[in-house]
Amino acid sequence: MVLTVLAAALVVAALVLPNTVVGLRPAKFVRIPAEAVIGAAVMLALPRRPRVVLAAVSGAALAAMTVLNLLDMGFNQYLGRSFNLVLDWSLLGDAQSYLEDSLGRTATLAATAGLIVMVLLLFVLLALSMVRLSNLLARHTGTATRGTLVAGVVWITCSSLGLQISGVPIASDRTAAALKIQAHRVSDTLRDEAEFRKVAKVDAFGDTPGAQLVPDLRGKDMIFTFIESYGRSAIEDPIIAPGVDRTLDERTAALAKAGFHAKSGWLTSATYGGSSWLGHSTTMSGLWVNNQQRYRTVMASDHLSLTKAFEKTGAFDTVGVMPGVQKAWPEQSFYGLNKVYNAFELGYRGPKFSWSTMPDQYALQQYQERVHSKKAADGKARMSLLILTSSHQPWAPIPKMVGWDQLGDGSVFKGIQAAGNKPADIIADTTRSRQEYGKSVQYSVTALTQWLERYGSKDTVLVFLGDHQPIARVSGNHASRDVPVAIVAKDPKVLDKVDGWGWTDGLRPAHDAPVWKMSSFRDRFLTAYGSTPHPERG
């Protein structure tokens, strides 16, 4: 009897399981699932053999839907969206790598093994539970038939009258609805691939001659920089913002003293919580790259990236500094970078800071020594793309600023890393995660602006922005997708070109500063600095 009750509870819980963490309320689990009523009626009508087979298959299918619901739950919590059955399997490998960097190889292997065992156990238990319940129905046909009819009438009544418990409808068709959503999602994904290929082939600047691209930035020391997880919440969340806002205001004043001025606004990112490369490619391509399929399409296309526009002029040497890249990076061609320094080419001998391979200050100093301090070949100017990583979750341990002349090979950070917070202590604590996230953004902004203050020249133009908001546990379940963006320069003519944008003076954008889709930035930037659009091609 106990096993039968547990089997029924497991099946019902799987049938009504929500796909978000915020949906995990007791009222969600005291509903009447329509699928159970229909399933019972079908089982009662079948002979023994097909009934047992159908029960086992149904249990396995329900387990698969439960796994998808749990994946939705995780993706909604971390990436602000549901799991895509077609595109997102590859991200599970990235998640494993992130855990390994944050918690260590042993803990990650143990967690992975435990997860695999739990999934297999779920499939077995739900299949056995369905078989057990179907056998129970067959042994008590009369009672089961009456019970099924009563349950059906109750479900129809509750559905018709909209009866609820704590705001949750008693009548449920959660699994059927979820299955329908998954089917539509797959269909939409496949259709989107064909449609986006057409969109990616259209480019207002794709055929623009190099001589007509960014003429107003010729001779400039152009730098584009992304700061990991630097989102609107860093500037406006009541827990996070005080420290970040103070840093932005202090760094604005320090830069002004050094002769630099800034304007800032907001961009709505194509991603949230992670998948930073989607934010990078959206900004640089001028296309809305919000999933892995679109990303692959763009990377394989000849669509003009903002950075490649500088290469196309023939007047700029183009360089990338990517401390987060630890494997082959074919994207170098799309971004038009003549040279890329990855994590293994910057001479770092210090400790990793969880996922981040090296502190931002070290990466910036290496950029200075290997690239920025050297003249480009053939008298060219230089365009650089930097991806900073120190503000990547889990925000523990966080580097600290050291003297710029003390950085050496990075060994100076060993003591700082050892004395920092342990990732496991921060990951499980929402309040501490928010606090440490804010500190990591302060560190990254400070490192970048101190570098500019120390090494920037009259020709330096820095554009820096966030790639996405931090995960929902930090930014909140209803946070916007906005990220700050700023342009910093000494030459007043550079900022005069964007005066009509309505951006805020300084590094901290006002709450009501303009908000643009991230995909609009490329064309706005190219236009502002004198680029001539070519008639669109398809």
# chains A, B, ... in the order shown; residues from 1 in each chain; ligands from 1
$ closest_atom_pairs --of "range 256-304 of chain A" --to "range 387-397 of chain A" --cutoff "12 Å" --atoms "only C-alpha atoms" --output "CSV"
residue,atom,partner,partner_atom,distance
A:Gly273,CA,A:Gln393,CA,9.2
A:Gly274,CA,A:His392,CA,9.0
A:Ser275,CA,A:His392,CA,11.2
A:Ser276,CA,A:Ile387,CA,9.8
A:Trp277,CA,A:Ile387,CA,10.0
A:Gly279,CA,A:Ile387,CA,11.4
A:His280,CA,A:Ile387,CA,9.0
$ write_last_selection --atoms "N, CA and C atoms" --output "mmCIF file, in the first residue's frame"
data_model
loop_
_atom_site.group_PDB
_atom_site.id
_atom_site.type_symbol
_atom_site.label_atom_id
_atom_site.label_comp_id
_atom_site.auth_asym_id
_atom_site.auth_seq_id
_atom_site.Cartn_x
_atom_site.Cartn_y
_atom_site.Cartn_z
ATOM 1 N N GLY A 273 22.354 36.305 -18.353
ATOM 2 C CA GLY A 273 22.892 35.352 -17.389
ATOM 3 C C GLY A 273 24.099 34.572 -17.856
ATOM 4 N N GLY A 274 24.311 34.465 -19.167
ATOM 5 C CA GLY A 274 25.414 33.685 -19.714
ATOM 6 C C GLY A 274 25.412 33.745 -21.230
ATOM 7 N N SER A 275 26.160 32.810 -21.853
ATOM 8 C CA SER A 275 26.297 32.789 -23.320
ATOM 9 C C SER A 275 26.770 34.149 -23.824
ATOM 10 N N SER A 276 27.860 34.618 -23.233
ATOM 11 C CA SER A 276 28.362 35.955 -23.533
ATOM 12 C C SER A 276 28.608 36.174 -25.012
ATOM 13 N N TRP A 277 29.023 35.104 -25.715
ATOM 14 C CA TRP A 277 29.338 35.245 -27.134
ATOM 15 C C TRP A 277 28.141 35.725 -27.955
ATOM 16 N N GLY A 279 26.031 38.051 -26.913
ATOM 17 C CA GLY A 279 26.076 39.505 -26.755
ATOM 18 C C GLY A 279 27.177 40.125 -27.598
ATOM 19 N N HIS A 280 28.345 39.482 -27.611
ATOM 20 C CA HIS A 280 29.458 40.007 -28.408
ATOM 21 C C HIS A 280 29.081 40.056 -29.892
#
$ select_by_dssp --residues "range 253-429 of chain A" --states "strand (DSSP E or B)" --output "PyMOL selection string"
chain A and resi 261-268+316-321+339-341+353+356+381-388
$ write_last_selection --atoms "N, CA and C atoms" --output "CSV table (one decimal), in the first residue's frame"
chain,number,residue,atom,x,y,z
A,261,HIS,N,36.8,62.3,-21.3
A,261,HIS,CA,35.3,62.5,-21.0
A,261,HIS,C,34.5,61.3,-21.6
A,262,ALA,N,33.3,61.1,-21.1
A,262,ALA,CA,32.5,60.0,-21.5
A,262,ALA,C,31.1,60.3,-21.7
A,263,LYS,N,30.4,59.5,-22.5
A,263,LYS,CA,29.0,59.5,-22.6
A,263,LYS,C,28.5,58.1,-22.5
A,264,SER,N,27.3,57.9,-21.9
A,264,SER,CA,26.9,56.5,-21.6
A,264,SER,C,25.4,56.4,-21.8
A,265,GLY,N,25.0,55.1,-22.2
A,265,GLY,CA,23.6,54.8,-22.4
A,265,GLY,C,23.3,53.4,-22.1
A,266,TRP,N,22.2,52.8,-22.6
A,266,TRP,CA,21.8,51.4,-22.4
A,266,TRP,C,21.6,50.7,-23.7
A,267,LEU,N,22.0,49.4,-23.7
A,267,LEU,CA,21.7,48.5,-24.8
A,267,LEU,C,20.9,47.3,-24.2
A,268,THR,N,19.9,46.8,-24.9
A,268,THR,CA,19.2,45.6,-24.5
A,268,THR,C,19.9,44.4,-25.1
A,316,PHE,N,43.9,50.1,-40.4
A,316,PHE,CA,44.0,49.7,-39.0
A,316,PHE,C,44.6,48.3,-38.9
A,317,ASP,N,45.5,48.1,-38.0
A,317,ASP,CA,45.9,46.8,-37.5
A,317,ASP,C,44.9,46.4,-36.5
A,318,THR,N,44.5,45.1,-36.6
A,318,THR,CA,43.4,44.7,-35.7
A,318,THR,C,43.8,43.5,-34.8
A,319,VAL,N,43.6,43.7,-33.5
A,319,VAL,CA,44.1,42.7,-32.5
A,319,VAL,C,43.0,42.4,-31.5
A,320,GLY,N,43.0,41.1,-31.1
A,320,GLY,CA,42.1,40.7,-30.0
A,320,GLY,C,42.8,40.2,-28.8
A,321,VAL,N,42.4,40.5,-27.6
A,321,VAL,CA,42.9,40.0,-26.4
A,321,VAL,C,41.8,39.2,-25.7
A,339,LYS,N,45.4,39.4,-35.3
A,339,LYS,CA,46.1,38.6,-34.3
A,339,LYS,C,45.2,38.5,-33.1
A,340,VAL,N,45.2,37.3,-32.5
A,340,VAL,CA,44.4,37.1,-31.2
A,340,VAL,C,45.3,36.5,-30.2
A,341,TYR,N,45.4,37.1,-29.0
A,341,TYR,CA,46.1,36.6,-27.8
A,341,TYR,C,45.0,35.8,-26.9
A,353,PHE,N,41.1,32.4,-11.1
A,353,PHE,CA,40.1,32.9,-10.2
A,353,PHE,C,38.7,32.3,-10.6
A,356,SER,N,37.5,32.5,-14.4
A,356,SER,CA,38.4,33.5,-15.0
A,356,SER,C,39.9,33.1,-15.0
A,381,ALA,N,47.0,52.7,-37.9
A,381,ALA,CA,46.4,52.9,-36.5
A,381,ALA,C,46.0,51.5,-36.0
A,382,ARG,N,45.4,51.4,-34.9
A,382,ARG,CA,45.1,50.1,-34.3
A,382,ARG,C,43.7,50.1,-33.8
A,383,MET,N,43.0,48.9,-34.0
A,383,MET,CA,41.7,48.7,-33.5
A,383,MET,C,41.8,47.4,-32.6
A,384,SER,N,41.4,47.4,-31.4
A,384,SER,CA,41.6,46.3,-30.5
A,384,SER,C,40.2,45.9,-29.9
A,385,LEU,N,40.1,44.6,-29.7
A,385,LEU,CA,38.9,44.0,-29.1
A,385,LEU,C,39.3,43.2,-27.9
A,386,LEU,N,38.8,43.6,-26.7
A,386,LEU,CA,39.2,43.0,-25.4
A,386,LEU,C,38.0,42.5,-24.8
A,387,ILE,N,38.1,41.2,-24.3
A,387,ILE,CA,37.0,40.6,-23.5
A,387,ILE,C,37.5,40.4,-22.1
A,388,LEU,N,37.0,41.1,-21.1
A,388,LEU,CA,37.4,41.0,-19.7
A,388,LEU,C,36.6,40.0,-19.0
$ residues_around --residues "Gly379 in chain A" --least-positions-apart "4" --cutoff "12 Å" --atoms "only C-alpha atoms" --output "PyMOL selection string"
chain A and resi 218-219+314-317+374-375
$ closest_residue --among "A:Arg191, A:Arg251, A:Arg473, A:Arg232" --to "Ala428 in chain A" --atoms "only C-alpha atoms"
A:Arg473
$ residues_around --residues "range 413-419 of chain A" --least-positions-apart "6" --cutoff "8 Å" --atoms "only C-alpha atoms" --output "CSV table (one decimal) with N, CA and C atoms, in the first residue's frame"
chain,number,residue,atom,x,y,z
A,350,GLY,N,50.1,33.0,-12.6
A,350,GLY,CA,49.4,33.1,-11.4
A,350,GLY,C,48.2,32.1,-11.3
A,351,PRO,N,47.4,32.2,-10.3
A,351,PRO,CA,46.3,31.2,-10.1
A,351,PRO,C,45.1,31.7,-10.9
A,352,LYS,N,44.2,30.7,-11.3
A,352,LYS,CA,42.9,31.1,-11.9
A,352,LYS,C,42.0,31.6,-10.8
A,353,PHE,N,41.1,32.4,-11.1
A,353,PHE,CA,40.1,32.9,-10.2
A,353,PHE,C,38.7,32.3,-10.6
A,397,PRO,N,36.9,33.4,-5.9
A,397,PRO,CA,37.4,34.6,-5.3
A,397,PRO,C,37.5,35.8,-6.3
A,398,ILE,N,37.6,37.0,-5.8
A,398,ILE,CA,37.7,38.2,-6.7
A,398,ILE,C,39.1,38.8,-6.6
A,399,PRO,N,39.7,39.1,-7.7
A,399,PRO,CA,41.1,39.7,-7.6
A,399,PRO,C,41.0,41.1,-6.9
A,400,LYS,N,42.1,41.6,-6.5
A,400,LYS,CA,42.2,42.9,-6.0
A,400,LYS,C,43.3,43.7,-6.8
$ residues_around --residues "Ala363 in chain A" --least-positions-apart "4" --cutoff "8 Å" --atoms "only C-alpha atoms" --output "JSON, numbers by chain"
{"A": [321, 323, 346, 358, 359, 367, 388]}
$ residues_around --residues "Gly23 in chain A" --least-positions-apart "3" --cutoff "12 Å" --atoms "only C-alpha atoms" --output "list in words"
Val16, Leu17, Pro18, Asn19, Thr20, Pro26, Ala27, Lys28, Phe29, Asn69, Leu70, Asp72, Met73, Asn76, Gln77, Gly167, Val168 and Asn477 of chain A
$ atom_distance --atom1 "CA of Gln182 in chain A" --atom2 "CA of Leu54 in chain A"
21.8 Å
$ residues_around --residues "Ile170 in chain A" --least-positions-apart "4" --cutoff "12 Å" --atoms "only C-alpha atoms" --output "number ranges by chain"
A: 16, 27-34, 151, 154-166, 174
$ atom_distance --atom1 "CA of Leu120 in chain A" --atom2 "CA of Ser58 in chain A"
15.2 Å
$ closest_residue --among "A:Leu217, A:Arg294, A:Lys198, A:Leu136" --to "Leu87 in chain A" --atoms "only C-alpha atoms"
A:Arg294
$ closest_residue --among "A:Gln366, A:Thr66, A:Ser520, A:Asn290" --to "Phe344 in chain A" --atoms "only C-alpha atoms"
A:Gln366
$ select_by_dssp --residues "range 179-296 of chain A" --states "alpha helix (DSSP H)" --output "mmCIF file with C-alpha atoms, in the first residue's frame"
data_model
loop_
_atom_site.group_PDB
_atom_site.id
_atom_site.type_symbol
_atom_site.label_atom_id
_atom_site.label_comp_id
_atom_site.auth_asym_id
_atom_site.auth_seq_id
_atom_site.Cartn_x
_atom_site.Cartn_y
_atom_site.Cartn_z
ATOM 1 C CA LEU A 179 4.571 18.914 -24.633
ATOM 2 C CA LYS A 180 2.765 21.289 -26.978
ATOM 3 C CA ILE A 181 5.168 24.106 -26.080
ATOM 4 C CA GLN A 182 8.178 21.863 -26.715
ATOM 5 C CA ALA A 183 6.794 20.840 -30.115
ATOM 6 C CA HIS A 184 6.194 24.490 -31.085
ATOM 7 C CA ARG A 185 9.661 25.411 -29.848
ATOM 8 C CA VAL A 186 11.282 22.783 -32.052
ATOM 9 C CA SER A 187 9.185 23.860 -35.033
ATOM 10 C CA ASP A 188 9.943 27.547 -34.448
ATOM 11 C CA THR A 189 13.659 26.819 -34.104
ATOM 12 C CA LEU A 190 13.818 24.963 -37.390
ATOM 13 C CA ARG A 191 11.828 27.683 -39.155
ATOM 14 C CA ASP A 192 13.959 30.412 -37.580
ATOM 15 C CA GLU A 193 17.125 28.914 -39.062
ATOM 16 C CA ALA A 194 15.889 29.398 -42.629
ATOM 17 C CA GLU A 195 14.491 32.868 -41.954
ATOM 18 C CA PHE A 196 17.598 34.117 -40.179
ATOM 19 C CA ARG A 197 19.867 32.977 -43.001
ATOM 20 C CA LYS A 198 17.961 35.385 -45.247
ATOM 21 C CA VAL A 199 18.228 38.206 -42.695
ATOM 22 C CA ALA A 200 21.978 37.658 -42.247
ATOM 23 C CA ARG A 232 21.771 47.335 -15.463
ATOM 24 C CA SER A 233 21.339 45.665 -12.064
ATOM 25 C CA ALA A 234 24.913 46.632 -11.182
ATOM 26 C CA ILE A 235 23.901 50.291 -11.427
ATOM 27 C CA GLU A 236 20.316 50.214 -10.138
ATOM 28 C CA ALA A 241 24.361 49.710 -6.928
ATOM 29 C CA PRO A 242 25.816 51.820 -4.090
ATOM 30 C CA GLY A 243 29.342 50.454 -4.488
ATOM 31 C CA VAL A 244 29.236 50.275 -8.288
ATOM 32 C CA ASP A 245 27.753 53.773 -8.675
ATOM 33 C CA ARG A 246 30.372 55.205 -6.327
ATOM 34 C CA THR A 247 33.107 53.540 -8.400
ATOM 35 C CA LEU A 248 31.660 54.832 -11.682
ATOM 36 C CA ASP A 249 31.426 58.378 -10.324
ATOM 37 C CA GLU A 250 34.946 58.249 -8.882
ATOM 38 C CA ARG A 251 36.380 56.858 -12.100
ATOM 39 C CA THR A 252 34.509 59.469 -14.176
ATOM 40 C CA ALA A 253 36.162 62.188 -12.086
ATOM 41 C CA ALA A 254 39.593 60.568 -12.310
ATOM 42 C CA LEU A 255 39.339 60.245 -16.087
ATOM 43 C CA ALA A 256 38.193 63.849 -16.398
ATOM 44 C CA LYS A 257 41.255 64.923 -14.441
ATOM 45 C CA SER A 276 28.362 35.955 -23.533
ATOM 46 C CA TRP A 277 29.338 35.245 -27.134
ATOM 47 C CA LEU A 278 25.745 35.986 -28.161
ATOM 48 C CA GLY A 279 26.076 39.505 -26.755
ATOM 49 C CA HIS A 280 29.458 40.007 -28.408
ATOM 50 C CA SER A 281 28.246 38.856 -31.825
ATOM 51 C CA THR A 282 24.982 40.822 -31.600
ATOM 52 C CA THR A 283 26.846 44.050 -30.847
ATOM 53 C CA MET A 284 29.419 43.550 -33.560
ATOM 54 C CA SER A 285 27.211 42.103 -36.324
ATOM 55 C CA GLN A 292 23.426 29.150 -30.760
ATOM 56 C CA GLN A 293 21.993 28.400 -34.176
ATOM 57 C CA ARG A 294 21.964 32.065 -35.148
ATOM 58 C CA TYR A 295 25.485 32.388 -33.791
ATOM 59 C CA ARG A 296 26.766 29.580 -36.002
#
$ closest_residue --among "A:Leu109, A:Val441, A:Leu526, A:Val42" --to "Lys308 in chain A" --atoms "only C-alpha atoms"
A:Leu526
